[in-house]
>>> print(open('my_file.tsv').read())   # TSV, C-alpha atoms
chain	number	residue	atom	x	y	z
C	1	MET	CA	-25.00	199.24	14.52
C	2	ASP	CA	-24.58	195.90	16.30
C	3	ARG	CA	-25.81	193.23	13.87
C	4	ALA	CA	-26.67	190.74	16.60
C	5	GLU	CA	-28.80	193.34	18.38
C	6	ASP	CA	-30.45	194.26	15.09
C	7	ARG	CA	-31.39	190.63	14.45
C	8	GLU	CA	-32.65	190.27	18.02
C	9	CYS	CA	-34.89	193.36	17.81
C	10	ARG	CA	-36.27	192.44	14.39
C	11	ALA	CA	-37.07	188.94	15.62
C	12	LEU	CA	-38.85	190.27	18.70
C	13	LEU	CA	-40.88	192.72	16.62
C	14	ARG	CA	-42.02	189.95	14.29
C	15	SER	CA	-42.85	187.69	17.25
C	16	MET	CA	-44.91	190.45	18.87
C	17	PHE	CA	-46.73	191.10	15.61
C	18	GLY	CA	-47.43	187.37	15.31
C	19	ALA	CA	-48.71	187.21	18.89
C	20	ALA	CA	-51.11	190.07	18.18
C	21	ILE	CA	-52.53	188.24	15.16
C	22	ALA	CA	-52.74	184.91	17.00
C	23	ALA	CA	-54.79	186.56	19.76
C	24	ALA	CA	-57.48	187.29	17.17
C	25	ALA	CA	-57.47	183.82	15.56
C	26	PRO	CA	-61.09	183.09	14.51
C	27	ASP	CA	-61.00	179.37	15.38
C	28	ARG	CA	-60.39	179.95	19.08
C	29	ALA	CA	-62.55	183.07	19.31
C	30	VAL	CA	-65.58	181.52	17.63
C	31	ALA	CA	-65.50	178.23	19.54
C	32	ALA	CA	-65.41	180.08	22.87
C	33	ASN	CA	-68.33	182.39	22.05
C	34	LEU	CA	-70.99	180.36	20.25
C	35	PRO	CA	-74.53	180.64	21.63
C	36	ASP	CA	-76.49	177.60	22.81
C	37	ARG	CA	-77.06	175.06	20.07
C	38	PRO	CA	-80.27	175.85	18.22
C	39	GLY	CA	-83.19	173.46	18.35
C	40	GLY	CA	-84.13	174.26	14.78
C	41	ARG	CA	-82.14	175.43	11.79
C	42	CYS	CA	-79.07	177.61	11.94
C	43	LEU	CA	-78.82	180.06	9.07
C	44	VAL	CA	-75.30	181.47	8.78
C	45	VAL	CA	-74.56	184.81	7.12
C	46	GLY	CA	-71.56	187.05	7.35
C	47	ALA	CA	-68.98	189.23	5.69
C	48	GLY	CA	-65.39	190.29	6.23
C	49	LYS	CA	-61.80	189.19	5.95
C	50	ALA	CA	-62.18	186.78	8.88
C	51	SER	CA	-65.68	185.55	8.05
C	52	ALA	CA	-64.70	182.43	6.08
C	53	ALA	CA	-62.36	181.29	8.85
C	54	MET	CA	-65.15	182.01	11.32
C	55	ALA	CA	-67.54	179.88	9.24
C	56	LEU	CA	-65.05	177.02	9.20
C	57	ALA	CA	-64.82	177.25	13.00
C	58	VAL	CA	-68.63	177.06	13.28
C	59	GLU	CA	-68.70	173.92	11.14
C	60	ALA	CA	-66.01	172.32	13.30
C	61	ALA	CA	-67.76	173.21	16.58
C	62	TRP	CA	-71.25	172.18	15.43
C	63	PRO	CA	-70.88	169.02	13.32
C	64	ASP	CA	-74.38	167.83	14.25
C	65	VAL	CA	-76.28	171.13	13.81
C	66	ALA	CA	-78.35	171.69	10.67
C	67	LEU	CA	-76.26	174.48	9.17
C	68	GLN	CA	-76.77	176.31	5.92
C	69	GLY	CA	-75.56	179.71	4.92
C	70	VAL	CA	-73.63	182.18	2.81
C	71	VAL	CA	-70.57	184.13	3.91
C	72	SER	CA	-68.61	186.68	1.87
C	73	THR	CA	-64.90	187.41	2.23
C	74	ARG	CA	-62.09	189.09	0.34
C	75	TYR	CA	-60.42	187.28	-2.55
C	76	GLY	CA	-57.74	184.95	-1.19
C	77	HIS	CA	-59.29	184.80	2.30
C	78	GLY	CA	-61.61	181.84	1.73
C	79	ALA	CA	-61.83	178.55	3.63
C	80	ALA	CA	-62.80	175.00	2.70
C	81	CYS	CA	-66.27	174.93	4.26
C	82	LYS	CA	-68.62	172.04	3.47
C	83	ARG	CA	-72.03	173.30	4.63
C	84	ILE	CA	-71.63	177.09	4.41
C	85	ARG	CA	-71.12	178.63	0.98
C	86	ILE	CA	-68.11	180.94	0.79
C	87	VAL	CA	-68.14	183.79	-1.73
C	88	GLU	CA	-64.90	185.67	-2.41
C	89	ALA	CA	-65.50	189.27	-3.43
C	90	GLY	CA	-63.91	192.66	-4.02
C	91	HIS	CA	-62.10	194.73	-1.43
C	92	PRO	CA	-61.75	197.64	-0.73
C	93	VAL	CA	-64.09	198.38	-3.66
C	94	PRO	CA	-67.15	196.10	-3.99
C	95	ASP	CA	-67.68	194.10	-7.16
C	96	ALA	CA	-70.27	191.83	-8.78
C	97	ASN	CA	-69.51	189.03	-6.31
C	98	SER	CA	-70.19	191.43	-3.42
C	99	LEU	CA	-73.62	191.98	-4.94
C	100	ALA	CA	-74.23	188.27	-5.56
C	101	ALA	CA	-73.30	187.44	-1.96
C	102	ALA	CA	-75.73	190.00	-0.56
C	103	ASP	CA	-78.54	188.74	-2.76
C	104	ALA	CA	-77.86	185.14	-1.71
C	105	MET	CA	-78.02	186.13	1.97
C	106	LEU	CA	-81.27	188.02	1.49
C	107	GLU	CA	-82.77	185.00	-0.28
C	108	LEU	CA	-81.64	182.69	2.54
C	109	LEU	CA	-83.18	184.91	5.19
C	110	GLN	CA	-86.56	185.12	3.45
C	111	GLY	CA	-87.52	181.78	4.96
C	112	ALA	CA	-86.32	182.53	8.50
C	113	GLY	CA	-88.87	181.95	11.25
C	114	PRO	CA	-89.17	182.17	15.04
C	115	GLY	CA	-87.64	178.71	15.55
C	116	ASP	CA	-84.50	179.53	13.59
C	117	LEU	CA	-81.19	180.98	14.71
C	118	VAL	CA	-79.44	183.38	12.37
C	119	LEU	CA	-75.74	183.30	13.19
C	120	ALA	CA	-73.99	186.34	11.73
C	121	LEU	CA	-70.19	186.23	11.36
C	122	VAL	CA	-68.94	189.77	10.98
C	123	SER	CA	-65.43	191.17	10.68
C	124	GLY	CA	-63.57	194.10	9.19
C	125	GLY	CA	-63.61	194.31	5.42
C	126	GLY	CA	-67.22	193.21	5.21
C	127	SER	CA	-68.44	196.57	3.94
C	128	ALA	CA	-66.86	195.92	0.54
C	129	CYS	CA	-67.54	192.17	0.43
C	130	LEU	CA	-71.28	192.68	0.92
C	131	ALA	CA	-73.07	195.12	-1.40
C	132	ARG	CA	-76.73	195.62	-2.29
C	133	PRO	CA	-77.34	199.27	-3.22
C	134	ILE	CA	-80.59	200.95	-2.23
C	135	ALA	CA	-83.18	201.62	-4.91
C	136	GLY	CA	-81.98	204.33	-7.28
C	137	VAL	CA	-78.29	203.57	-6.75
C	138	THR	CA	-76.22	201.23	-8.94
C	139	LEU	CA	-73.18	199.13	-8.12
C	140	ALA	CA	-71.17	201.44	-10.37
C	141	ASP	CA	-72.33	204.40	-8.23
C	142	LYS	CA	-71.16	202.65	-5.06
C	143	GLN	CA	-67.83	201.74	-6.62
C	144	ALA	CA	-67.17	205.32	-7.74
C	145	ILE	CA	-68.12	206.80	-4.35
C	146	THR	CA	-66.01	204.21	-2.51
C	147	ARG	CA	-62.95	205.02	-4.63
C	148	GLU	CA	-63.34	208.72	-3.96
C	149	LEU	CA	-63.76	208.15	-0.21
C	150	LEU	CA	-60.63	206.00	-0.14
C	151	ARG	CA	-58.61	208.74	-1.84
C	152	SER	CA	-60.08	211.47	0.37
C	153	GLY	CA	-58.48	210.30	3.62
C	154	ALA	CA	-61.89	210.05	5.32
C	155	PRO	CA	-61.69	208.10	8.61
C	156	ILE	CA	-63.32	204.69	8.74
C	157	GLY	CA	-66.27	205.90	10.81
C	158	GLU	CA	-67.24	208.43	8.17
C	159	MET	CA	-66.81	205.92	5.36
C	160	ASN	CA	-69.11	203.47	7.12
C	161	ARG	CA	-71.82	206.09	7.67
C	162	VAL	CA	-71.85	206.69	3.92
C	163	ARG	CA	-71.84	202.97	3.17
C	164	LYS	CA	-74.86	202.42	5.42
C	165	ALA	CA	-76.78	205.20	3.70
C	166	LEU	CA	-76.14	203.61	0.29
C	167	SER	CA	-76.90	200.02	1.29
C	168	ALA	CA	-79.96	197.83	1.64
C	169	VAL	CA	-78.02	195.27	3.72
C	170	LYS	CA	-75.79	197.38	5.98
C	171	GLY	CA	-76.93	199.31	9.06
C	172	GLY	CA	-79.26	196.47	10.05
C	173	GLY	CA	-80.46	195.57	6.56
C	174	LEU	CA	-79.84	191.86	7.06
C	175	ALA	CA	-81.62	192.02	10.43
C	176	ARG	CA	-84.67	193.54	8.74
C	177	ALA	CA	-84.66	190.65	6.27
C	178	ALA	CA	-84.45	188.02	9.03
C	179	GLY	CA	-88.05	188.58	10.13
C	180	SER	CA	-88.93	186.87	13.42
C	181	ALA	CA	-85.79	184.72	13.65
C	182	ARG	CA	-83.36	185.28	16.51
C	183	ILE	CA	-79.97	186.71	15.49
C	184	CYS	CA	-76.68	186.19	17.29
C	185	THR	CA	-73.87	188.25	15.79
C	186	LEU	CA	-70.24	187.30	16.44
C	187	VAL	CA	-67.93	190.25	15.80
C	188	ILE	CA	-64.19	190.48	15.25
C	189	SER	CA	-63.63	194.21	15.54
C	190	ASP	CA	-61.32	196.31	13.40
C	191	VAL	CA	-62.71	199.71	14.36
C	192	PRO	CA	-61.57	202.23	16.98
C	193	GLY	CA	-63.84	201.90	20.00
C	194	ASP	CA	-65.14	198.43	18.99
C	195	ASP	CA	-68.70	199.60	18.28
C	196	PRO	CA	-70.23	196.51	16.59
C	197	ALA	CA	-72.45	198.78	14.51
C	198	ASP	CA	-69.32	200.06	12.74
C	199	VAL	CA	-67.71	196.69	11.96
C	200	ALA	CA	-68.49	195.86	8.30
C	201	SER	CA	-71.02	198.71	8.59
C	202	GLY	CA	-73.23	196.64	10.92
C	203	PRO	CA	-75.31	194.44	8.59
C	204	THR	CA	-77.30	192.96	11.51
C	205	ILE	CA	-77.24	195.98	13.82
C	206	PRO	CA	-79.80	198.79	13.34
C	207	HIS	CA	-78.34	202.16	12.41
C	208	ALA	CA	-79.50	205.25	14.29
C	209	GLY	CA	-77.95	207.83	11.97
C	210	ARG	CA	-79.70	210.17	9.54
C	211	PRO	CA	-79.31	210.08	5.74
C	212	GLU	CA	-78.34	213.76	5.91
C	213	ASP	CA	-75.23	212.78	7.90
C	214	ALA	CA	-73.91	210.80	4.94
C	215	LEU	CA	-74.55	213.67	2.54
C	216	GLU	CA	-72.72	216.09	4.84
C	217	ILE	CA	-69.68	213.80	4.88
C	218	LEU	CA	-69.64	213.49	1.10
C	219	ASP	CA	-70.04	217.22	0.63
C	220	ARG	CA	-67.28	218.00	3.13
C	221	HIS	CA	-64.85	215.78	1.24
C	222	GLY	CA	-65.82	217.32	-2.09
C	223	ILE	CA	-67.34	214.11	-3.50
C	224	ALA	CA	-69.95	214.98	-6.11
C	225	LEU	CA	-73.15	212.91	-6.37
C	226	PRO	CA	-75.68	212.56	-9.17
C	227	ASP	CA	-79.00	214.08	-8.13
C	228	ARG	CA	-80.70	210.66	-8.31
C	229	VAL	CA	-78.22	209.23	-5.76
C	230	ARG	CA	-78.76	212.17	-3.41
C	231	THR	CA	-82.53	211.69	-3.71
C	232	ALA	CA	-82.22	207.95	-3.06
C	233	ILE	CA	-80.22	208.56	0.11
C	234	LEU	CA	-82.72	211.04	1.48
C	235	ALA	CA	-85.57	208.62	0.75
C	236	GLN	CA	-84.17	206.21	3.35
C	237	SER	CA	-85.53	208.41	6.13
C	238	ALA	CA	-89.01	207.05	5.33
C	239	LEU	CA	-88.08	203.46	6.29
C	240	PRO	CA	-89.55	202.22	9.59
C	241	ALA	CA	-87.12	201.77	12.48
C	242	ILE	CA	-85.72	198.29	13.15
C	243	ASP	CA	-86.64	196.99	16.61
C	244	ARG	CA	-85.11	193.62	17.50
C	245	PRO	CA	-84.75	193.27	21.28
C	246	GLN	CA	-84.35	189.49	21.02
C	247	ASP	CA	-81.02	189.73	19.17
C	248	GLU	CA	-77.57	189.30	20.73
C	249	VAL	CA	-74.16	190.70	19.79
C	250	ARG	CA	-70.89	189.17	21.03
C	251	LEU	CA	-67.52	190.86	20.56
C	252	ILE	CA	-65.18	187.87	20.25
C	253	ALA	CA	-61.86	189.51	19.29
C	254	SER	CA	-60.66	193.10	19.40
C	255	PRO	CA	-57.61	195.28	18.76
C	256	SER	CA	-57.10	195.84	22.49
C	257	GLN	CA	-56.78	192.08	23.07
C	258	SER	CA	-54.18	191.83	20.31
C	259	LEU	CA	-52.17	194.77	21.66
C	260	ALA	CA	-52.25	193.16	25.11
C	261	ALA	CA	-50.82	189.93	23.67
C	262	ALA	CA	-47.98	191.82	21.99
C	263	ALA	CA	-47.27	193.77	25.18
C	264	SER	CA	-47.22	190.59	27.27
C	265	LEU	CA	-44.51	189.11	25.05
C	266	ALA	CA	-42.45	192.30	25.35
C	267	ARG	CA	-42.72	192.20	29.15
C	268	ASP	CA	-41.44	188.62	29.06
C	269	HIS	CA	-38.33	190.01	27.33
C	270	GLY	CA	-37.78	192.67	29.97
C	271	TYR	CA	-39.46	195.66	28.30
C	272	ALA	CA	-41.56	198.31	29.98
C	273	ILE	CA	-44.74	199.11	28.06
C	274	VAL	CA	-46.19	202.38	26.79
C	275	ASP	CA	-49.66	201.60	25.43
C	276	LEU	CA	-51.06	204.35	23.22
C	277	GLY	CA	-54.34	202.49	22.82
C	278	ASP	CA	-56.25	200.98	19.92
C	279	ARG	CA	-57.99	204.15	18.70
C	280	VAL	CA	-55.13	206.00	17.00
C	281	GLN	CA	-56.34	207.75	13.85
C	282	GLY	CA	-55.13	210.49	11.52
C	283	GLU	CA	-52.83	210.90	8.53
C	284	ALA	CA	-50.22	208.13	8.67
C	285	ALA	CA	-47.25	210.48	8.26
C	286	GLN	CA	-48.48	212.85	10.97
C	287	VAL	CA	-49.14	210.02	13.43
C	288	ALA	CA	-45.64	208.67	12.71
C	289	ALA	CA	-44.08	212.03	13.48
C	290	ARG	CA	-45.77	212.11	16.90
C	291	HIS	CA	-44.73	208.55	17.68
C	292	ALA	CA	-41.15	209.23	16.60
C	293	GLU	CA	-41.04	212.22	18.96
C	294	LEU	CA	-42.16	209.99	21.83
C	295	ALA	CA	-39.61	207.29	20.99
C	296	LEU	CA	-36.78	209.82	20.76
C	297	ARG	CA	-37.77	211.32	24.10
C	298	LEU	CA	-37.75	207.89	25.76
C	299	ALA	CA	-34.37	207.08	24.21
C	300	ALA	CA	-32.91	210.36	25.52
C	301	GLN	CA	-34.14	209.64	29.05
C	302	GLY	CA	-31.98	206.52	29.24
C	303	GLY	CA	-34.55	204.45	31.15
C	304	PRO	CA	-35.31	200.73	30.81
C	305	PRO	CA	-35.93	199.19	27.36
C	306	THR	CA	-39.45	200.14	26.36
C	307	ALA	CA	-42.01	198.89	23.85
C	308	ILE	CA	-44.51	201.44	22.51
C	309	VAL	CA	-47.64	199.71	21.21
C	310	SER	CA	-50.59	201.22	19.37
C	311	GLY	CA	-53.52	200.21	17.20
C	312	GLY	CA	-56.31	201.91	15.30
C	313	GLU	CA	-56.42	202.91	11.66
C	314	THR	CA	-54.53	205.75	10.05
C	315	THR	CA	-55.32	207.19	6.64
C	316	VAL	CA	-53.41	208.36	3.59
C	317	THR	CA	-54.85	211.14	1.45
C	318	LEU	CA	-53.83	210.48	-2.15
C	319	PRO	CA	-53.58	213.24	-4.75
C	320	GLN	CA	-55.12	212.74	-8.17
C	321	GLY	CA	-52.77	210.86	-10.47
C	322	CYS	CA	-50.79	209.22	-7.65
C	323	THR	CA	-49.05	206.07	-8.93
C	324	GLY	CA	-47.12	205.03	-5.81
C	325	SER	CA	-47.71	201.63	-4.22
C	326	GLY	CA	-48.00	200.63	-0.59
C	327	GLY	CA	-50.39	201.24	2.27
C	328	ARG	CA	-50.93	203.26	5.40
C	329	ASN	CA	-48.61	201.12	7.54
C	330	SER	CA	-45.62	201.23	5.22
C	331	GLU	CA	-46.22	204.97	4.74
C	332	TYR	CA	-46.24	205.36	8.54
C	333	GLN	CA	-42.88	203.57	8.61
C	334	LEU	CA	-41.47	205.85	5.92
C	335	ALA	CA	-42.35	208.94	7.93
C	336	LEU	CA	-41.14	207.35	11.17
C	337	ALA	CA	-37.76	206.39	9.65
C	338	ARG	CA	-37.25	209.90	8.34
C	339	ALA	CA	-38.08	211.44	11.73
C	340	LEU	CA	-35.82	209.01	13.62
C	341	ASP	CA	-32.97	209.77	11.19
C	342	GLY	CA	-31.13	206.53	11.82
C	343	HIS	CA	-31.28	206.66	15.62
C	344	PRO	CA	-29.18	203.67	16.78
C	345	ARG	CA	-31.52	202.51	19.58
C	346	ILE	CA	-35.00	202.43	18.03
C	347	TRP	CA	-36.66	199.68	15.94
C	348	SER	CA	-40.26	199.66	14.65
C	349	ILE	CA	-42.83	197.44	12.97
C	350	ALA	CA	-46.20	198.51	11.58
C	351	GLY	CA	-48.60	196.22	9.78
C	352	ASP	CA	-52.21	195.46	9.09
C	353	SER	CA	-53.38	192.42	11.05
C	354	ASP	CA	-55.16	191.03	7.98
C	355	GLY	CA	-51.80	190.68	6.22
C	356	ILE	CA	-52.63	193.17	3.47
C	357	ASP	CA	-51.48	196.80	3.71
C	358	GLY	CA	-53.39	198.88	1.19
C	359	ALA	CA	-53.16	197.36	-2.27
C	360	SER	CA	-49.77	195.72	-1.67
C	361	ASP	CA	-48.73	192.11	-1.04
C	362	ALA	CA	-47.26	192.99	2.36
C	363	ALA	CA	-48.75	193.46	5.81
C	364	GLY	CA	-46.43	196.40	6.44
C	365	ALA	CA	-42.74	197.03	7.07
C	366	ILE	CA	-39.92	197.23	9.61
C	367	ALA	CA	-37.91	200.41	10.16
C	368	ALA	CA	-34.54	200.00	11.87
C	369	PRO	CA	-31.43	202.06	12.65
C	370	GLY	CA	-29.93	201.02	9.31
C	371	THR	CA	-32.98	201.79	7.16
C	372	LEU	CA	-31.79	205.15	5.84
C	373	ALA	CA	-28.25	203.92	5.20
C	374	ARG	CA	-29.57	200.94	3.24
C	375	ALA	CA	-31.81	203.23	1.20
C	376	SER	CA	-28.87	205.47	0.40
C	377	ARG	CA	-26.83	202.50	-0.84
C	378	LEU	CA	-29.72	201.49	-3.10
C	379	GLY	CA	-30.20	205.01	-4.44
C	380	LEU	CA	-33.60	205.45	-2.79
C	381	ASP	CA	-34.75	208.91	-1.70
C	382	ILE	CA	-37.03	208.76	1.34
C	383	ASP	CA	-38.42	212.26	0.76
C	384	ARG	CA	-39.32	211.35	-2.82
C	385	ALA	CA	-40.90	208.09	-1.65
C	386	LEU	CA	-43.05	209.99	0.86
C	387	ALA	CA	-44.07	212.61	-1.68
C	388	ASP	CA	-45.02	209.88	-4.18
C	389	HIS	CA	-46.67	207.65	-1.53
C	390	ASP	CA	-44.38	204.91	-2.82
C	391	SER	CA	-43.56	203.08	0.40
C	392	HIS	CA	-43.73	199.53	-0.95
C	393	ARG	CA	-40.81	199.99	-3.34
C	394	PHE	CA	-38.77	201.75	-0.65
C	395	PHE	CA	-39.01	198.80	1.76
C	396	ALA	CA	-39.00	196.04	-0.87
C	397	ALA	CA	-35.28	195.27	-0.51
C	398	GLY	CA	-35.89	193.22	2.64
C	399	ASP	CA	-37.85	195.23	5.20
C	400	LEU	CA	-41.38	194.36	4.11
C	401	VAL	CA	-43.41	192.18	6.47
C	402	ILE	CA	-44.97	189.40	4.39
C	403	THR	CA	-47.55	187.18	6.09
C	404	GLY	CA	-50.10	186.48	3.37
C	405	PRO	CA	-53.78	186.65	4.31
C	406	THR	CA	-54.11	185.98	8.05
C	407	ARG	CA	-57.90	185.47	7.82
C	408	THR	CA	-58.52	187.76	10.74
C	409	ASN	CA	-58.68	191.54	11.08
C	410	VAL	CA	-58.22	193.66	14.19
C	411	ASN	CA	-56.77	196.60	12.31
C	412	ASP	CA	-53.23	198.01	12.49
C	413	ILE	CA	-50.54	196.84	14.91
C	414	ARG	CA	-47.64	199.25	15.51
C	415	ILE	CA	-44.70	198.63	17.85
C	416	GLN	CA	-41.53	200.59	18.59
C	417	LEU	CA	-38.69	199.09	20.62
C	418	VAL	CA	-36.59	201.72	22.40
C	419	ARG	CA	-33.36	200.36	23.92
>>> encode(input="my_file.tsv", output="structure tokens")
Amino acid sequence: MDRAEDRECRALLRSMFGAAIAAAAPDRAVAANLPDRPGGRCLVVGAGKASAAMALAVEAAWPDVALQGVVSTRYGHGAACKRIRIVEAGHPVPDANSLAAADAMLELLQGAGPGDLVLALVSGGGSACLARPIAGVTLADKQAITRELLRSGAPIGEMNRVRKALSAVKGGGLARAAGSARICTLVISDVPGDDPADVASGPTIPHAGRPEDALEILDRHGIALPDRVRTAILAQSALPAIDRPQDEVRLIASPSQSLAAAASLARDHGYAIVDLGDRVQGEAAQVAARHAELALRLAAQGGPPTAIVSGGETTVTLPQGCTGSGGRNSEYQLALARALDGHPRIWSIAGDSDGIDGASDAAGAIAAPGTLARASRLGLDIDRALADHDSHRFFAAGDLVITGPTRTNVNDIRIQLVR
């Protein structure tokens, strides 16, 4: 392997990953998409990994507007706001701060009237950072169900349908509490398809689903419920529909925009682009096998250097008792490296745009032609690492991508360079 070429490809991958994240920077996205300045009060609510940075951008853009509010984000993703209270809370499992944040938002919205603007700042991760269970369900119930859903490999859309059914603030719950006030929701999307109702489980966007849908999902994944929780979910069908034609939703950053930014940088370096889209889902290892097959086919064709870009959110189904560490992106890279088997002309990066892959301290990892050889020198067995879902330790010798919290979230960014 040519070391200069290896350094060049790694540097380009990291630059493309950085360009994708920069394209979703909350400061620029919020400032360009704010509604007209309100004549009365502006009540700010929100939840998600980007929400604190979004709140800081609102304060900077509207120094002379009467702002007050509460926004909830993941621990370590806060911002130094002066007029909007920032609550840091649990993720991916809600905690007591998630509950306190929801209660504070509901209290704030009780006084909202027709002259007020409710500005909702919503981004991925908000489902966990904002939690107020429906009557008959406890926080402990929600935590247990969330943990089981995370282990089950359920796609994000199914998880959010369950979360809405269990929540008094998701699926339009905050909109119901806002009374006659006008709501403008700014959304940084992390979901395939960019449906705002799915981002953070849509706290200001009415949900059209049925409670029975959530129960079917739980039953299909073998997640047992206490009878009282099942009864509480079914009771939600008696709530009146939420009708708020005066509200507005603005999608201000999306995975497709971030993939386009990464692709543009690759074109500047002479690469052709294969864009697999921002809706890729499925088991991380299976998706990696398909992407490796494509990369190998392109390499065998001997065409121009090509960058394969994709987004979306894969899943990892964890067996009971699993003690491995890592996340879906580093697991994807494990499976990709094994399938590529040290191919000398293919490099790859995969990472979560929020900077946190699973429960690790890394955004993801790089897989390169020398990955398997390095692992062999270190006594690491890639098949064992895959079986144990222990991707973090496998890549820890230098191939992890460490960004820290990026304070945005447009889901996973995956890039393969084929030379």
>>> closest_atom_pairs(input="my_file.tsv", of="range 11-47 of chain C", to="range 344-367 of chain C", cutoff="9 Å", atoms="all atoms listed in the file", output="CSV")
residue,atom,partner,partner_atom,distance
C:Leu13,CA,C:Ile349,CA,6.3
C:Arg14,CA,C:Ile349,CA,7.6
C:Phe17,CA,C:Ile349,CA,7.9
C:Gly18,CA,C:Ser353,CA,8.9
C:Ala20,CA,C:Ser353,CA,7.8
C:Ile21,CA,C:Ser353,CA,5.9
C:Ala24,CA,C:Ser353,CA,9.0
>>> atom_distance(input="my_file.tsv", atom1="CA of Val162 in chain C", atom2="CA of Asn329 in chain C")
24.2 Å
>>> atom_distance(input="my_file.tsv", atom1="CA of Leu218 in chain C", atom2="CA of Gly136 in chain C")
17.5 Å
>>> closest_residue(input="my_file.tsv", among="C:Ala261, C:Ile273, C:Cys129, C:Ala102", to="His77 in chain C", atoms="all atoms listed in the file")
C:Cys129
>>> residues_around(input="my_file.tsv", residues="Ala373 in chain C", least_positions_apart="5", cutoff="10 Å", atoms="all atoms listed in the file", output="ChimeraX atom specification")
/C:341-342,368,378-380
>>> closest_residue(input="my_file.tsv", among="C:Ala120, C:Leu99, C:Leu265, C:Val410", to="Val30 in chain C", atoms="only C-alpha atoms")
C:Ala120
>>> residues_around(input="my_file.tsv", residues="Gly324 in chain C", least_positions_apart="4", cutoff="8 Å", atoms="all atoms listed in the file", output="list in words")
Asp388, His389, Asp390 and Ser391 of chain C
>>> atom_distance(input="my_file.tsv", atom1="CA of Ala165 in chain C", atom2="CA of Arg407 in chain C")
27.6 Å
>>> closest_residue(input="my_file.tsv", among="C:Ile413, C:Ala238, C:Cys9, C:Leu149", to="Pro305 in chain C", atoms="only C-alpha atoms")
C:Cys9
>>> residues_around(input="my_file.tsv", residues="Arg250 in chain C", least_positions_apart="2", cutoff="9 Å", atoms="all atoms listed in the file", output="list in words")
Asn33, Leu34, Cys184, Thr185, Leu186, Val187, Ile188, Pro196, Glu248 and Ile252 of chain C
>>> closest_residue(input="my_file.tsv", among="C:Leu43, C:Val169, C:Ser98, C:Gly193", to="Leu119 in chain C", atoms="only C-alpha atoms")
C:Leu43
>>> residues_around(input="my_file.tsv", residues="Leu109 in chain C", least_positions_apart="4", cutoff="9 Å", atoms="all atoms listed in the file", output="PyMOL selection string")
chain C and resi 43+45+104-105+113+118+174-175+177-179+181
>>> build_atoms(input="my_file.tsv", residues="range 269-281 of chain C", atoms="N, CA and C atoms", output="mmCIF file, keeping the file's coordinate frame")
data_model
loop_
_atom_site.group_PDB
_atom_site.id
_atom_site.type_symbol
_atom_site.label_atom_id
_atom_site.label_comp_id
_atom_site.auth_asym_id
_atom_site.auth_seq_id
_atom_site.Cartn_x
_atom_site.Cartn_y
_atom_site.Cartn_z
ATOM 1 N N HIS C 269 -39.698 189.734 27.765
ATOM 2 C CA HIS C 269 -38.330 190.010 27.330
ATOM 3 C C HIS C 269 -37.715 191.202 28.068
ATOM 4 N N GLY C 270 -38.363 191.642 29.135
ATOM 5 C CA GLY C 270 -37.780 192.670 29.970
ATOM 6 C C GLY C 270 -38.097 194.102 29.570
ATOM 7 N N TYR C 271 -39.119 194.318 28.751
ATOM 8 C CA TYR C 271 -39.460 195.660 28.300
ATOM 9 C C TYR C 271 -40.567 196.262 29.162
ATOM 10 N N ALA C 272 -40.426 197.538 29.454
ATOM 11 C CA ALA C 272 -41.560 198.310 29.980
ATOM 12 C C ALA C 272 -42.488 198.615 28.815
ATOM 13 N N ILE C 273 -43.751 198.915 29.104
ATOM 14 C CA ILE C 273 -44.740 199.110 28.060
ATOM 15 C C ILE C 273 -45.320 200.519 28.116
ATOM 16 N N VAL C 274 -45.393 201.161 26.969
ATOM 17 C CA VAL C 274 -46.190 202.380 26.790
ATOM 18 C C VAL C 274 -47.287 202.031 25.801
ATOM 19 N N ASP C 275 -48.517 201.982 26.265
ATOM 20 C CA ASP C 275 -49.660 201.600 25.430
ATOM 21 C C ASP C 275 -50.422 202.857 25.014
ATOM 22 N N LEU C 276 -50.372 203.170 23.739
ATOM 23 C CA LEU C 276 -51.060 204.350 23.220
ATOM 24 C C LEU C 276 -52.511 204.058 22.848
ATOM 25 N N GLY C 277 -52.945 202.828 23.050
ATOM 26 C CA GLY C 277 -54.340 202.490 22.820
ATOM 27 C C GLY C 277 -54.617 202.026 21.405
ATOM 28 N N ASP C 278 -55.846 201.571 21.204
ATOM 29 C CA ASP C 278 -56.250 200.980 19.920
ATOM 30 C C ASP C 278 -57.139 201.906 19.102
ATOM 31 N N ARG C 279 -57.102 203.212 19.399
ATOM 32 C CA ARG C 279 -57.990 204.150 18.700
ATOM 33 C C ARG C 279 -57.216 205.232 17.954
ATOM 34 N N VAL C 280 -55.948 204.978 17.653
ATOM 35 C CA VAL C 280 -55.130 206.000 17.000
ATOM 36 C C VAL C 280 -55.603 206.183 15.557
ATOM 37 N N GLN C 281 -55.899 207.423 15.202
ATOM 38 C CA GLN C 281 -56.340 207.750 13.850
ATOM 39 C C GLN C 281 -55.607 209.004 13.378
#
